[in-house]
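Colleague: Got a structure for you, questions after.
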Amino acid sequence: MSLDAALHARLATSALLSGSTGGVALLLAVCSSDEILPLGAALAASVLLPLGRLFGLSAVVMRSTRRRGISLRQVILEILSFLCTLVSCCLFAASLGESESWENETCNRLKSLGDRLRQSRGTPPSRCREGVEKDEKSRVAFAQVRMDEERPSGGLEDLRQKVRAIRGALQRSNTQQAEMQTMLSQALDRCESLKVEAADAQRSKEHHHHRWCILDQERESLQRLAHQAKSSEQAAREEAVAWRAWLRSFLELLLRDERDEAAMKAAEITLKHLKTAERSLQPELLAKMPALYESLAEALSGVRAQDAGFQKAQAQAEVDDRVAQLERQLAQKEISLATLEQDKRSLRSEVRTLQNTVQELRGSIRVFCRIRPPKQKADASGAFGVKAEGSRSVCLRKPPGERRHDFNFDRVFSQQAGQRELYEEVGPLLPGILEGIHLCIFAYGQTGAGKTYTLAGQRSSGDPGIQDLAIADLLRLAESFEVRLTALEIYNESIQDLLSDATSEAESRDERLEVRQSAGAISDVADLHPAQDGTGANSADANQTGSSKYSPFGSMRVPGLKSWSIQNLADVEDALQRVRNKRHVASTALNERSSRSHTVISLSVLRRSGAEVNGVPVGVLHIVDLAGSERTKISQAEGIQMKEANCINRSLSALADVLFALGDSTSSAHVPYRNSKLTYLLQDALGGPGCKTFLFAQVSPDALDANESYSTLTFASRVATSVQQGRLRPRGAVPSPSPRKSPQREEMTWKGPGNGLAGTTPPLPRRKEEK
Ligand SMILES: Nc1ncnc2c1ncn2[C@@H]1O[C@H](COP(=O)(O)OP(=O)(O)OP(=O)(O)O)[C@@H](O)[C@H]1O
């Protein structure tokens with residue numbers, strides 16, 4: 001080999017050595033994730049790298065001196081080798097620092113382990129102690145290693161082995177520590193369970209102590225009993241001795257008294273007998289002792305039972321005392337309740353008086369207007385027809401020229417108003433019926449305006465009307481009274497009983513009734529009860545007479561009119577069902593089910609005294625569903641319906657005449673009651689003292705019905721405003737000397753329902769009303 005080649009080889013070797021040592025050192029430094037390898041890597045790097053670098057540099061120097069030339073690749077190689085060396089040195093320094101911190105950490109861990117061991121509660125088990133000792137050993141081993149480390153000598157391999165040994169010891173100590181912790185938690189669990197057991201034991205101890213106390217008490221009581229038994233035995237013995245002494249003295253007395261020798265002998269013999277008997281009785285007595293003891297025990301148990309009974313009686317007495325106390329309290333409460341009831345009653349009567357005063361101030365007649373929902377769509381402009389304006393006035397526009405008319409009422413119910421809203425006006429007056437008021441509710445208006453709907457409601461939709469609501473409330477109020485119901489219709493000016501048994505039109509016609517005036521208040525109303533034959537039908541004699549006869553129409557009476565005694569709502573329903581079936585209705589162009597008659601349903605409240613019923617009603621509720629006024633042209637009535645319509649319009653006109661006459665304080669006292677059956681029959685209810693009248697004027701909002709609505713509203717508002725400012729003059733009262741004129745009186749003249757087309761004042765002559 002030439003010198004050049006040798007130099008090249010050395011250079012390559014040096015570079016290779018330098019690079020590989022650098023690489024190895026770097027690899028060792030990177031891979032050393034634990035605490036031992038950095039130390040080894042650093043040591044290797046520190047020893048091998050400078051050597052490799054020395055060789056490399058010397059080779060370069062030697063080459064450069066010989067050839068004076070060096071390739072760029074060699075220079076880069078040299079620089080890289082130098083950099084590797086530098087990095088290795090840095091790693092070495094860092095690993096030294098790391099090893100120091102690792103050592104410190106290990107020391108700390110050992111310390112904390114020792115502390116934890118010391119902190120563990122109670123006497124540590126033997127295994128714990130072993131663990132502590134082993135930890136102590138590891139600490140000693142570690143100290144040894146440190147000492148070895150500090151020593152300059154000692155190979156790397158030794159160091160590694162020691163380090164491995166320490167790691168193994170540490171792992172073992174960790175495992176032991178975990179075991180110890182497990183044992184510690186087990187010991188704590190055990191401790192808890194022992195605590196629970198101790199609490200249980202304490203409880204059972206207390207229980208046993210309690211039991212022991214009870215037994216001790218029982219023992220003491222038994223001892224007392226035994227002592228008592230002994231003392232009673234002793235007493236019995238003493239008694240026996242006393243008896244014996246007495247017997248002996250008695251015998252001696254006998255012997256002394258009896259001088260007769262034979263007797264003496266006999267007495268001696270008797271004495272001997274007695275002695276032998278006594279002797280023989282003694283074993284017998286001894287034999288009987290257990291039985292005596294038993295009987296004594298029985299007696300004792302009896303005494304105990306008596307004692308228990310006594311205690312029970314004592315408890316019973318306490319209970320009785322408490323009951324008596326409660327009864328006293330109850331009596332006091334009852335007294336206060338009675339006082340409260342009294343107060344309530346007086347308050348109620350006060351309220352009633354005030355209500356009556358209010359009603360009195362409002363007037364005997366109150367007029368309301370109800371607008372039904374439209375039957376047809378409003379006309380295009382919406383200009384015509386009836387409209388509610390506020391709660392008290394109504395406006396009507398009717399062609400031609402859309403003339404506007406305003407009417408005022410006590411209250412106006414719009415299309416949306418419900419039945420209960422209407423009833424709120426009537427309800428407060430019902431209690432007055434029990435105090436003598438005659439209440440009359442009229443539904444007035446053109447055919448199809450909703451009169452029957454307002455009074456009777458709509459059964460199909462379960463919507464009760466004023467009539468049903470009022471009857472239900474009246475029944476509730478008049479629980480202690482007798483309530484009787486009569487129903488009649490005035491059809492073509494003839495009266496028919498709607499509760500009669502007539503099944504056909506012909507039969508009904510035969511049973512036509514008449515109105516009579518009587519001097520007294522009692523009339524010939526047949527007294528019947530719907531439940532008498534179990535079917536709800538009246539089967540009793542219609543001519544029945546007696547104290548229960550009465551007339552709901554005051555001084556007017558309808559002989560033969562049947563009345564049903566009403567006990568509950570089922571009776572009412574039976575009666576009203578019969579009324580519905582018998583009432584005259586017909587289908588007209590304006591209403592599918594048009595009422596062709598005036599219906600008067602009357603509920604009389606009568607006082608009961610035991611089984612007897614007083615013949616004079618206290619108060620009466622009349623519900624009058626008037627037949628609808630109709631213009632025969634529009635309703636297209638012909639034949640019978642035409643006759644019906646004329647009758648209806650005439651009687652409505654008569655009603656208007658009566659009402660106006662009652663309110664007309666300037667006119668004479670004449671009131672044309674006789675002009676129609678309706679006014680003749682209801683004259684007491686209309687003009688009598690203490691009567692109240694509600695008039696529901698029903699109107700349709702439709703433009704087509706504007707003329708009819710105008711008639712209805714004119715009539716109703718005249719009743720409302722011009723009848724002495726809402727106060728009906730009682731029949732027979734002297735007219736006021738200074739009458740108050742209604743502002744509308746002059747311009748408003750009644751033309752009868754239907755705007756005078758069909759209705760006219762009846763042709764009957766006006767006469768002074770007979771008293
Ligand atoms: N306020 C209302 N709400 C809903 N429906 C109503 C109302 N008023 C009336 N109706 C309906 O209008 C129809 C006619 O009413 P209703 O029979 O009560 O009139 P009417 O004045 O008694 O007629 P008629 O004098 O011919 O007997 C019925 O079908 C009724 O249900």
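Every chain in the structure tokens has a letter given in the order shown (A, B, ...), and although residue numbers restart at 1 in each chain, ligands are simply numbered from 1 in the order shown.
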So which residues touch Asp473 of chain A within 12 Å, counting only C-alpha atoms, skipping near sequence neighbours fewer than 2 positions away, as a list in words?

Modeller: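 Answer for this query is Tyr423, Glu424, Val426, Gly427, Pro428, Leu429, Leu430, Pro431, Ile433, Leu434, Ile466, Gln467, Asp468, Leu469, Ala470, Ile471, Leu475, Arg476, Leu477, Ala478, Glu479, Asn568, Leu569, Leu603 and Leu621 of chain A.
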
Colleague: Could you tell me, counting only C-alpha atoms and all ligand atoms, which protein and nucleic acid residues lie no more than 9 Å from ligand 1, written as JSON, numbers by chain?

Modeller: {"A": [370, 371, 372, 373, 374, 375, 414, 415, 416, 417, 418, 419, 443, 444, 445, 446, 447, 448, 449, 450, 451, 452, 453, 454, 455, 456, 457, 458, 585, 586, 587, 588, 590, 591, 592, 593, 594, 595, 596, 597, 625, 626, 627, 628, 629, 630, 698, 699, 700]}

Colleague: Write out as a list of chain:residue names the residues lying within 7 Å of segment 683-686 of chain A, counting only C-alpha atoms and excluding same-chain residues fewer than 6 positions away.

Modeller: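 Listing them by chain and then by number gives A:His438, A:Cys440, A:Phe553, A:Gly554, A:Tyr673, A:Thr693.
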
Colleague: Neighbouring residues of Met556 of chain A were defined as those with any atom within 7 Å, considering only C-alpha atoms; residues of the same chain fewer than 5 positions away were excluded. Please report them as a PyMOL selection string.

Modeller: chain A and resi 515-518+681

Colleague: With C-alpha atoms retained, write the just-selected residues as a compact mmCIF listing (two decimals), in the first residue's frame.

Modeller:
# COMPACT_ATOMS: atom_id res chain seq x y z
CA VAL A 515 -161.16 32.66 33.30
CA ARG A 516 -163.29 33.68 36.27
CA GLN A 517 -162.95 36.35 38.80
CA SER A 518 -163.52 35.41 42.40
CA LEU A 681 -155.86 36.33 33.31

Colleague: Which neighbours of Pro617 of chain A fall inside 7 Å, counting only C-alpha atoms, when residues of the same chain fewer than 4 positions from it are skipped, and could you give them as a PDB file with N, CA and C atoms, in the first residue's frame?

Modeller:
ATOM      1  N   PRO A 552    -152.901  30.381  40.919  1.00  0.00           N
ATOM      2  CA  PRO A 552    -151.654  31.136  40.756  1.00  0.00           C
ATOM      3  C   PRO A 552    -151.903  32.551  40.246  1.00  0.00           C
ATOM      4  N   SER A 604    -146.174  28.224  41.669  1.00  0.00           N
ATOM      5  CA  SER A 604    -146.667  28.847  42.889  1.00  0.00           C
ATOM      6  C   SER A 604    -145.954  28.263  44.082  1.00  0.00           C
ATOM      7  N   VAL A 605    -145.568  29.118  44.993  1.00  0.00           N
ATOM      8  CA  VAL A 605    -144.902  28.671  46.216  1.00  0.00           C
ATOM      9  C   VAL A 605    -145.918  28.767  47.348  1.00  0.00           C
ATOM     10  N   LEU A 606    -146.205  27.621  47.977  1.00  0.00           N
ATOM     11  CA  LEU A 606    -147.221  27.580  49.043  1.00  0.00           C
ATOM     12  C   LEU A 606    -146.576  27.147  50.347  1.00  0.00           C
TER      13      LEU A 606
END

Colleague: Please provide the set of residues having any atom within 12 Å of Leu285 of chain A, restricted to only C-alpha atoms, with same-chain residues fewer than 5 positions apart removed, written as a tab-separated table (two decimals) with C-alpha atoms, in the first residue's frame.

Modeller:
chain	number	residue	atom	x	y	z
A	233	GLU	CA	-102.43	-17.82	105.28
A	236	ALA	CA	-106.40	-17.83	108.22
A	237	ARG	CA	-104.46	-19.91	110.76
A	240	ALA	CA	-108.79	-21.09	112.85
A	277	ALA	CA	-112.45	-34.43	113.64
A	278	GLU	CA	-109.92	-31.65	114.11
A	279	ARG	CA	-107.10	-34.12	114.03
A	280	SER	CA	-108.50	-35.74	110.94
A	290	PRO	CA	-101.76	-26.62	97.18
A	291	ALA	CA	-105.32	-26.29	96.00
A	292	LEU	CA	-105.71	-23.35	98.35
A	293	TYR	CA	-102.55	-21.82	96.96

Colleague: Report, in Å with one decimal, the straight-line distance from atom CA of His405 of chain A to atom CA of Tyr710 of chain A.

Modeller: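 Between these atoms lies a distance of 8.4 Å.
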